[in-house]
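Shown here: upload_2.cif, mmCIF, C-alpha atoms.
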data_upload
#
loop_
_atom_site.group_PDB
_atom_site.id
_atom_site.type_symbol
_atom_site.label_atom_id
_atom_site.label_comp_id
_atom_site.auth_asym_id
_atom_site.auth_seq_id
_atom_site.Cartn_x
_atom_site.Cartn_y
_atom_site.Cartn_z
ATOM 1 C CA LYS A 1 158.861 64.766 107.585
ATOM 2 C CA SER A 2 159.821 68.384 108.121
ATOM 3 C CA GLN A 3 159.531 70.333 111.360
ATOM 4 C CA ILE A 4 160.108 73.951 112.392
ATOM 5 C CA PHE A 5 163.137 74.635 114.605
ATOM 6 C CA LEU A 6 164.413 77.862 116.147
ATOM 7 C CA ILE A 7 168.073 78.649 116.802
ATOM 8 C CA ASP A 8 169.693 81.674 118.408
ATOM 9 C CA MET A 9 171.753 83.829 116.045
ATOM 10 C CA ASP A 10 174.690 83.498 118.434
ATOM 11 C CA GLY A 11 174.613 79.752 117.960
ATOM 12 C CA GLY A 12 173.633 76.931 120.252
ATOM 13 C CA GLU A 13 171.222 74.061 119.962
ATOM 14 C CA ALA A 14 168.153 74.280 117.729
ATOM 15 C CA THR A 15 164.854 73.683 119.496
ATOM 16 C CA ALA A 16 161.645 72.421 117.899
ATOM 17 C CA LEU A 17 158.785 74.899 117.717
ATOM 18 C CA GLY A 18 155.589 73.048 118.534
ATOM 19 C CA LYS A 19 154.623 69.697 117.090
ATOM 20 C CA LEU A 20 153.773 70.650 113.514
ATOM 21 C CA THR A 21 155.356 68.153 111.114
ATOM 22 C CA GLY A 22 154.869 66.995 107.546
ATOM 23 C CA ALA A 23 155.605 68.348 104.085
ATOM 24 C CA LEU A 24 156.288 71.987 104.992
ATOM 25 C CA SER A 25 157.243 74.821 102.623
ATOM 26 C CA ASN A 26 157.340 78.617 102.240
ATOM 27 C CA LEU A 27 158.026 79.505 105.880
ATOM 28 C CA GLN A 28 157.524 83.220 106.673
ATOM 29 C CA TRP A 29 157.686 85.387 109.803
ATOM 30 C CA SER A 30 154.819 87.699 110.644
ATOM 31 C CA ARG A 31 155.770 91.392 110.488
ATOM 32 C CA ASP A 32 155.977 91.721 114.281
ATOM 33 C CA GLY A 33 157.903 88.464 114.726
ATOM 34 C CA SER A 34 155.343 86.929 117.062
ATOM 35 C CA GLU A 35 154.207 84.204 114.668
ATOM 36 C CA LEU A 36 155.384 82.110 111.751
ATOM 37 C CA SER A 37 153.335 80.886 108.823
ATOM 38 C CA VAL A 38 153.962 77.865 106.648
ATOM 39 C CA LEU A 39 152.342 75.838 103.886
ATOM 40 C CA ARG A 40 151.690 72.245 104.925
ATOM 41 C CA ARG A 41 150.620 69.445 102.625
ATOM 42 C CA GLN A 42 147.674 67.492 103.991
ATOM 43 C CA HIS A 43 148.543 64.039 105.277
ATOM 44 C CA GLN A 44 147.344 61.071 103.285
ATOM 45 C CA THR A 45 144.235 59.424 104.636
ATOM 46 C CA LYS A 46 144.434 56.245 106.712
ATOM 47 C CA LYS A 47 142.724 54.442 103.832
ATOM 48 C CA ARG A 48 145.340 55.631 101.330
ATOM 49 C CA LYS A 49 148.199 54.787 103.689
ATOM 50 C CA LYS A 50 146.803 51.295 104.237
ATOM 51 C CA ARG A 51 146.568 50.735 100.494
ATOM 52 C CA ASN A 52 150.126 51.983 100.011
ATOM 53 C CA ASP A 53 151.392 49.673 102.746
ATOM 54 C CA LYS A 54 149.723 46.781 100.928
ATOM 55 C CA ARG A 55 151.306 48.020 97.687
ATOM 56 C CA ASP A 56 147.915 48.549 96.146
ATOM 57 C CA ASP A 57 149.103 51.137 93.626
ATOM 58 C CA ALA A 58 145.828 51.775 91.799
ATOM 59 C CA ILE A 59 145.450 55.565 92.016
ATOM 60 C CA VAL A 60 142.547 57.592 90.699
ATOM 61 C CA VAL A 61 143.759 61.020 89.581
ATOM 62 C CA ASP A 62 142.405 63.644 92.009
ATOM 63 C CA GLY A 63 140.472 60.869 93.741
ATOM 64 C CA GLU A 64 141.994 61.654 97.114
ATOM 65 C CA PRO A 65 143.320 65.215 96.794
ATOM 66 C CA ARG A 66 145.812 66.452 99.388
ATOM 67 C CA TYR A 67 145.865 70.240 99.479
ATOM 68 C CA ASN A 68 148.500 72.683 100.636
ATOM 69 C CA ARG A 69 147.092 74.343 103.769
ATOM 70 C CA LEU A 70 148.297 77.594 105.339
ATOM 71 C CA THR A 71 149.097 77.233 109.037
ATOM 72 C CA ILE A 72 150.099 79.943 111.532
ATOM 73 C CA VAL A 73 152.327 79.014 114.466
ATOM 74 C CA ASP A 74 152.839 81.047 117.658
ATOM 75 C CA ALA A 75 156.581 81.739 117.974
ATOM 76 C CA LYS A 76 156.570 81.256 121.760
ATOM 77 C CA SER A 77 154.076 78.512 122.519
ATOM 78 C CA GLY A 78 154.281 76.577 119.254
ATOM 79 C CA GLU A 79 150.491 76.363 119.112
ATOM 80 C CA SER A 80 149.137 76.396 115.576
ATOM 81 C CA ARG A 81 145.921 77.241 113.743
ATOM 82 C CA LYS A 82 144.824 76.655 110.161
ATOM 83 C CA VAL A 83 143.727 79.370 107.769
ATOM 84 C CA ASP A 84 140.353 78.646 106.166
ATOM 85 C CA SER A 85 140.770 77.830 102.470
ATOM 86 C CA GLY A 86 138.138 75.193 101.658
ATOM 87 C CA ASP A 87 138.798 72.575 98.983
ATOM 88 C CA ARG A 88 141.412 74.660 97.230
ATOM 89 C CA GLU A 89 145.146 74.333 96.675
ATOM 90 C CA ILE A 90 147.148 77.288 98.064
ATOM 91 C CA TRP A 91 150.128 78.131 95.870
ATOM 92 C CA ASP A 92 151.515 81.270 97.464
ATOM 93 C CA TYR A 93 150.769 83.771 100.210
ATOM 94 C CA THR A 94 152.120 86.881 101.922
ATOM 95 C CA TRP A 95 151.603 88.988 105.055
ATOM 96 C CA SER A 96 150.231 92.517 104.849
ATOM 97 C CA LEU A 97 152.618 95.330 105.725
ATOM 98 C CA ASP A 98 150.977 95.884 109.132
ATOM 99 C CA GLY A 99 150.724 92.150 109.831
ATOM 100 C CA SER A 100 146.948 92.205 110.312
ATOM 101 C CA GLN A 101 146.062 90.212 107.171
ATOM 102 C CA LEU A 102 147.335 87.607 104.761
ATOM 103 C CA ALA A 103 146.678 87.249 101.059
ATOM 104 C CA TYR A 104 146.897 83.906 99.309
ATOM 105 C CA SER A 105 146.399 82.495 95.810
ATOM 106 C CA THR A 106 144.587 79.300 94.931
ATOM 107 C CA ALA A 107 144.280 77.259 91.732
ATOM 108 C CA GLU A 108 141.105 75.743 90.359
ATOM 109 C CA ALA A 109 142.892 72.574 89.245
ATOM 110 C CA LEU A 110 145.254 70.169 90.991
ATOM 111 C CA GLY A 111 148.740 69.037 89.995
ATOM 112 C CA GLU A 112 152.062 70.619 89.133
ATOM 113 C CA ASP A 113 150.659 72.450 86.107
ATOM 114 C CA SER A 114 147.637 73.864 87.940
ATOM 115 C CA PRO A 115 149.090 77.419 88.250
ATOM 116 C CA LEU A 116 148.713 77.633 84.469
ATOM 117 C CA SER A 117 144.955 77.381 84.913
ATOM 118 C CA ARG A 118 142.580 79.945 86.373
ATOM 119 C CA GLY A 119 143.258 81.032 89.929
ATOM 120 C CA ASP A 120 141.851 83.210 92.675
ATOM 121 C CA LEU A 121 143.130 85.735 95.193
ATOM 122 C CA TRP A 122 141.860 85.755 98.775
ATOM 123 C CA LEU A 123 142.261 88.052 101.765
ATOM 124 C CA VAL A 124 141.935 86.826 105.348
ATOM 125 C CA GLY A 125 142.498 88.303 108.796
ATOM 126 C CA ARG A 126 145.311 87.145 111.012
ATOM 127 C CA GLU A 127 142.972 84.839 112.906
ATOM 128 C CA GLY A 128 142.522 82.854 109.673
ATOM 129 C CA LYS A 129 138.718 82.852 109.544
ATOM 130 C CA ASP A 130 136.228 83.838 106.826
ATOM 131 C CA PRO A 131 138.493 84.652 103.857
ATOM 132 C CA ARG A 132 137.224 87.238 101.366
ATOM 133 C CA HIS A 133 137.450 86.609 97.634
ATOM 134 C CA VAL A 134 139.317 89.453 95.900
ATOM 135 C CA ALA A 135 139.642 88.487 92.237
ATOM 136 C CA GLN A 136 139.657 85.645 89.735
ATOM 137 C CA LEU A 137 142.545 85.575 87.261
ATOM 138 C CA ASN A 138 143.313 83.743 84.027
ATOM 139 C CA GLU A 139 146.388 82.257 85.705
ATOM 140 C CA THR A 140 147.289 81.486 89.321
ATOM 141 C CA PRO A 141 149.865 84.030 90.551
ATOM 142 C CA VAL A 142 152.985 82.797 92.326
ATOM 143 C CA GLY A 143 154.592 85.903 93.820
ATOM 144 C CA LEU A 144 152.543 88.290 95.980
ATOM 145 C CA ALA A 145 153.372 91.559 97.769
ATOM 146 C CA PHE A 146 151.252 94.180 99.530
ATOM 147 C CA VAL A 147 151.756 97.816 98.574
ATOM 148 C CA GLU A 148 150.265 101.042 99.942
ATOM 149 C CA ARG A 149 148.714 103.652 97.645
ATOM 150 C CA SER A 150 147.060 106.991 98.263
ATOM 151 C CA ASN A 151 143.652 105.402 97.623
ATOM 152 C CA GLY A 152 144.265 102.332 99.793
ATOM 153 C CA PRO A 153 146.212 99.064 99.870
ATOM 154 C CA ALA A 154 146.714 96.880 96.818
ATOM 155 C CA LEU A 155 148.406 93.592 95.995
ATOM 156 C CA ALA A 156 151.224 93.285 93.480
ATOM 157 C CA ILE A 157 151.248 89.875 91.828
ATOM 158 C CA ARG A 158 153.442 88.041 89.346
ATOM 159 C CA LYS A 159 151.785 86.208 86.443
ATOM 160 C CA SER A 160 151.582 86.151 82.664
ATOM 161 C CA GLY A 161 148.955 87.879 80.557
ATOM 162 C CA TYR A 162 148.122 84.640 78.760
ATOM 163 C CA ARG A 163 147.882 84.961 74.958
ATOM 164 C CA GLU A 164 147.612 88.752 74.958
ATOM 165 C CA HIS A 165 150.915 89.165 76.828
ATOM 166 C CA PRO A 166 152.708 85.813 77.353
ATOM 167 C CA ALA A 167 155.638 87.270 79.288
ATOM 168 C CA VAL A 168 155.414 87.136 83.087
ATOM 169 C CA SER A 169 154.677 90.659 84.321
ATOM 170 C CA VAL A 170 153.677 92.522 87.491
ATOM 171 C CA TYR A 171 149.996 93.265 87.969
ATOM 172 C CA LEU A 172 148.390 95.449 90.599
ATOM 173 C CA VAL A 173 145.151 94.203 92.150
ATOM 174 C CA ASP A 174 142.873 96.722 93.869
ATOM 175 C CA LEU A 175 141.788 95.019 97.094
ATOM 176 C CA ALA A 176 138.526 96.944 97.233
ATOM 177 C CA THR A 177 137.302 96.429 93.663
ATOM 178 C CA GLY A 178 139.344 93.477 92.391
ATOM 179 C CA ASN A 179 140.430 95.465 89.323
ATOM 180 C CA VAL A 180 143.701 94.218 87.815
ATOM 181 C CA THR A 181 146.242 96.443 86.008
ATOM 182 C CA ASP A 182 149.417 95.406 84.181
ATOM 183 C CA LEU A 183 152.232 97.638 85.446
ATOM 184 C CA LEU A 184 154.716 96.663 82.714
ATOM 185 C CA PRO A 185 152.692 96.234 79.514
ATOM 186 C CA GLU A 186 155.579 97.186 77.213
ATOM 187 C CA PHE A 187 158.420 95.505 79.080
ATOM 188 C CA PRO A 188 160.235 93.055 76.737
ATOM 189 C CA GLY A 189 160.915 90.258 79.196
ATOM 190 C CA ASN A 190 159.895 88.240 82.227
ATOM 191 C CA VAL A 191 159.600 89.217 85.861
ATOM 192 C CA ASP A 192 161.229 86.331 87.725
ATOM 193 C CA TRP A 193 160.703 87.521 91.307
ATOM 194 C CA LEU A 194 159.090 90.278 93.347
ATOM 195 C CA ALA A 195 159.078 91.289 97.003
ATOM 196 C CA ALA A 196 157.581 93.907 99.292
ATOM 197 C CA LEU A 197 159.730 96.718 100.711
ATOM 198 C CA PRO A 198 158.476 97.329 104.284
ATOM 199 C CA LYS A 199 160.421 100.592 104.560
ATOM 200 C CA SER A 200 159.043 101.779 101.212
ATOM 201 C CA PRO A 201 155.425 100.602 101.341
ATOM 202 C CA GLY A 202 154.534 102.269 98.048
ATOM 203 C CA ALA A 203 157.107 100.274 96.067
ATOM 204 C CA ILE A 204 158.212 96.699 95.393
ATOM 205 C CA ALA A 205 161.483 95.096 94.318
ATOM 206 C CA ILE A 206 161.549 92.977 91.165
ATOM 207 C CA GLN A 207 164.075 90.792 89.363
ATOM 208 C CA THR A 208 163.740 90.625 85.591
ATOM 209 C CA ALA A 209 165.177 88.792 82.602
ATOM 210 C CA GLU A 210 164.978 90.872 79.443
ATOM 211 C CA GLY A 211 164.155 89.213 76.181
ATOM 212 C CA VAL A 212 162.932 85.974 77.749
ATOM 213 C CA HIS A 213 159.362 84.871 77.038
ATOM 214 C CA THR A 214 157.388 81.779 77.988
#

Starting from the file, give its structure as structure tokens.
Amino acid sequence: KSQIFLIDMDGGEATALGKLTGALSNLQWSRDGSELSVLRRQHQTKKRKKRNDKRDDAIVVDGEPRYNRLTIVDAKSGESRKVDSGDREIWDYTWSLDGSQLAYSTAEALGEDSPLSRGDLWLVGREGKDPRHVAQLNETPVGLAFVERSNGPALAIRKSGYREHPAVSVYLVDLATGNVTDLLPEFPGNVDWLAALPKSPGAIAIQTAEGVHT
């Protein structure tokens, strides 16, 4: 089991933050540093655990799905709250530049290859309630970053264009309309990574590999 710990930059003993444990991944600070967010795999049910303990290994694929859930943890009290996401697997997420919202991507299917199937983008307030559907895509994006434009905020995402453009590119999603635009339609390679630039809200940083296609 994993757990979140805090440690002073000058050294000293690490202290546990709250009681959140389990399969944790993709830990991020909120923009103002007052909260942390993390993906947490749902625990197996008591029924599944009992069967495992008895070494009853008959498993029905997707019969007892365990989803990645997004959880927000208060950096002082350690109290946590879950972000509403329904029966969907969250693959990636990011904080907005002002820290008031989070965007996350979900896949329609389950399993390691599910990002290759259709996915959706969602927007939710910091309190984690009532997410708003933004767009459905032909592939689940893994790599999200908010950007500011003259006509409002948008979300930069990393995904391929499927058969029309198999290389992984950067797409811009209008948060108001859900329209999706490829920013690098002629780029001869893959975008391996992207990140927001808080001090340059109208731009993002990307890492690319020219000449590599998937």

At a cut-off of 12 Å, can you tabulate as a Markdown table every residue of segment 108-204 of chain A near segment 16-40 of chain A together with its closest atom pair and the distance in Å to one decimal, using all atoms listed in the file and ordering rows by chain then number?
| residue | atom | partner | partner_atom | distance |
| --- | --- | --- | --- | --- |
| A:Arg126 | CA | A:Ser30 | CA | 9.5 |
| A:Glu127 | CA | A:Glu35 | CA | 11.4 |
| A:Gly128 | CA | A:Ser37 | CA | 11.0 |
| A:Val142 | CA | A:Asn26 | CA | 11.6 |
| A:Gly143 | CA | A:Asn26 | CA | 11.5 |
| A:Ala196 | CA | A:Arg31 | CA | 11.6 |
| A:Leu197 | CA | A:Arg31 | CA | 11.8 |
| A:Pro198 | CA | A:Arg31 | CA | 9.0 |
| A:Lys199 | CA | A:Arg31 | CA | 11.9 |

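If you count all atoms listed in the file and ignore residues fewer than 2 places along the chain from Ile157 of chain A, what sits within 10 Å of it is A:Ser105, A:Leu121, A:Thr140, A:Pro141, A:Val142, A:Gly143, A:Leu144, A:Ala145, A:Phe146, A:Ala154, A:Leu155, A:Lys159, A:Ser160, A:Ser169, A:Val170, A:Tyr171, A:Leu172, A:Val173, A:Val180, A:Asp182, A:Trp193, A:Leu194, A:Ala195.
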
Generate the output file for the selected residues, C-alpha atoms, as a PDB file, keeping the file's coordinate frame.
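Output below, filename out30.pdb:
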ATOM      1  CA  SER A 105     146.399  82.495  95.810  1.00  0.00           C
ATOM      2  CA  LEU A 121     143.130  85.735  95.193  1.00  0.00           C
ATOM      3  CA  THR A 140     147.289  81.486  89.321  1.00  0.00           C
ATOM      4  CA  PRO A 141     149.865  84.030  90.551  1.00  0.00           C
ATOM      5  CA  VAL A 142     152.985  82.797  92.326  1.00  0.00           C
ATOM      6  CA  GLY A 143     154.592  85.903  93.820  1.00  0.00           C
ATOM      7  CA  LEU A 144     152.543  88.290  95.980  1.00  0.00           C
ATOM      8  CA  ALA A 145     153.372  91.559  97.769  1.00  0.00           C
ATOM      9  CA  PHE A 146     151.252  94.180  99.530  1.00  0.00           C
ATOM     10  CA  ALA A 154     146.714  96.880  96.818  1.00  0.00           C
ATOM     11  CA  LEU A 155     148.406  93.592  95.995  1.00  0.00           C
ATOM     12  CA  LYS A 159     151.785  86.208  86.443  1.00  0.00           C
ATOM     13  CA  SER A 160     151.582  86.151  82.664  1.00  0.00           C
ATOM     14  CA  SER A 169     154.677  90.659  84.321  1.00  0.00           C
ATOM     15  CA  VAL A 170     153.677  92.522  87.491  1.00  0.00           C
ATOM     16  CA  TYR A 171     149.996  93.265  87.969  1.00  0.00           C
ATOM     17  CA  LEU A 172     148.390  95.449  90.599  1.00  0.00           C
ATOM     18  CA  VAL A 173     145.151  94.203  92.150  1.00  0.00           C
ATOM     19  CA  VAL A 180     143.701  94.218  87.815  1.00  0.00           C
ATOM     20  CA  ASP A 182     149.417  95.406  84.181  1.00  0.00           C
ATOM     21  CA  TRP A 193     160.703  87.521  91.307  1.00  0.00           C
ATOM     22  CA  LEU A 194     159.090  90.278  93.347  1.00  0.00           C
ATOM     23  CA  ALA A 195     159.078  91.289  97.003  1.00  0.00           C
TER      24      ALA A 195
END

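As for atom CA of Lys82 of chain A and atom CA of Met9 of chain A, they are spaced 28.5 Å apart.
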
Could you write out as AutoDock Vina command-line options the box around segment 173-185 of chain A (axis-aligned, all atoms listed in the file, 4 Å on each side), with centre and edge lengths in Å to one decimal?
--center_x 146.0 --center_y 95.6 --center_z 88.4 --size_x 25.4 --size_y 12.2 --size_z 25.7

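Going from atom CA of Ala203 of chain A to atom CA of Leu70 of chain A covers 26.0 Å.
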
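Put simply, atom CA of Leu110 of chain A is 9.2 Å away from atom CA of Arg66 of chain A.
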
message = Translate the PyMOL selection byres ((chain A and resi 87) around 12) into a concrete residue list for this structure, as a PyMOL selection string.
response = chain A and resi 42+62+64-69+84-86+88-90+106-110

Residue selection dump (C-alpha atoms) as a compact mmCIF listing (two decimals), in the frame of the given file:
# COMPACT_ATOMS: atom_id res chain seq x y z
CA GLN A 42 147.67 67.49 103.99
CA ASP A 62 142.40 63.64 92.01
CA GLU A 64 141.99 61.65 97.11
CA PRO A 65 143.32 65.22 96.79
CA ARG A 66 145.81 66.45 99.39
CA TYR A 67 145.86 70.24 99.48
CA ASN A 68 148.50 72.68 100.64
CA ARG A 69 147.09 74.34 103.77
CA ASP A 84 140.35 78.65 106.17
CA SER A 85 140.77 77.83 102.47
CA GLY A 86 138.14 75.19 101.66
CA ARG A 88 141.41 74.66 97.23
CA GLU A 89 145.15 74.33 96.68
CA ILE A 90 147.15 77.29 98.06
CA THR A 106 144.59 79.30 94.93
CA ALA A 107 144.28 77.26 91.73
CA GLU A 108 141.10 75.74 90.36
CA ALA A 109 142.89 72.57 89.24
CA LEU A 110 145.25 70.17 90.99

task = Using the chain letters and residue numbers of this document, give as a PyMOL selection string the residues selected by the PyMOL selection byres ((chain A and resi 165) around 10).
result = chain A and resi 160-164+166-169+182+185-186+213-214

note = Counting all atoms listed in the file, the residue among A:Ser117, A:Ala103, A:Gly152, A:Val147 that lies closest to Val134 of chain A is A:Ala103

query = So what does the PyMOL selection byres ((chain A and resi 151) around 12) actually pick up in this one, as a PyMOL selection string?
reply = chain A and resi 147-150+152-154+174-177+202

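Compared by their closest atoms to Arg81 of chain A, and using all atoms listed in the file, the residues A:Lys129, A:Glu139, A:Ser200, A:Ala205 rank with A:Lys129 nearest.
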
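Nearest residue to Ser100 of chain A among A:Phe5, A:Val124, A:Glu13, A:Ser80 is A:Val124, counting all atoms listed in the file.
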
task = May I ask which of the residues A:Leu102, A:Asp130, A:Ser96, A:Ile204 is the closest one to Ile72 of chain A, counting only C-alpha atoms?
result = A:Leu102

ask   = Using only C-alpha atoms, which of the listed residues (A:Arg41, A:Val83, A:Thr181, A:Gly125) sits closest to Lys1 of chain A?
value = A:Arg41
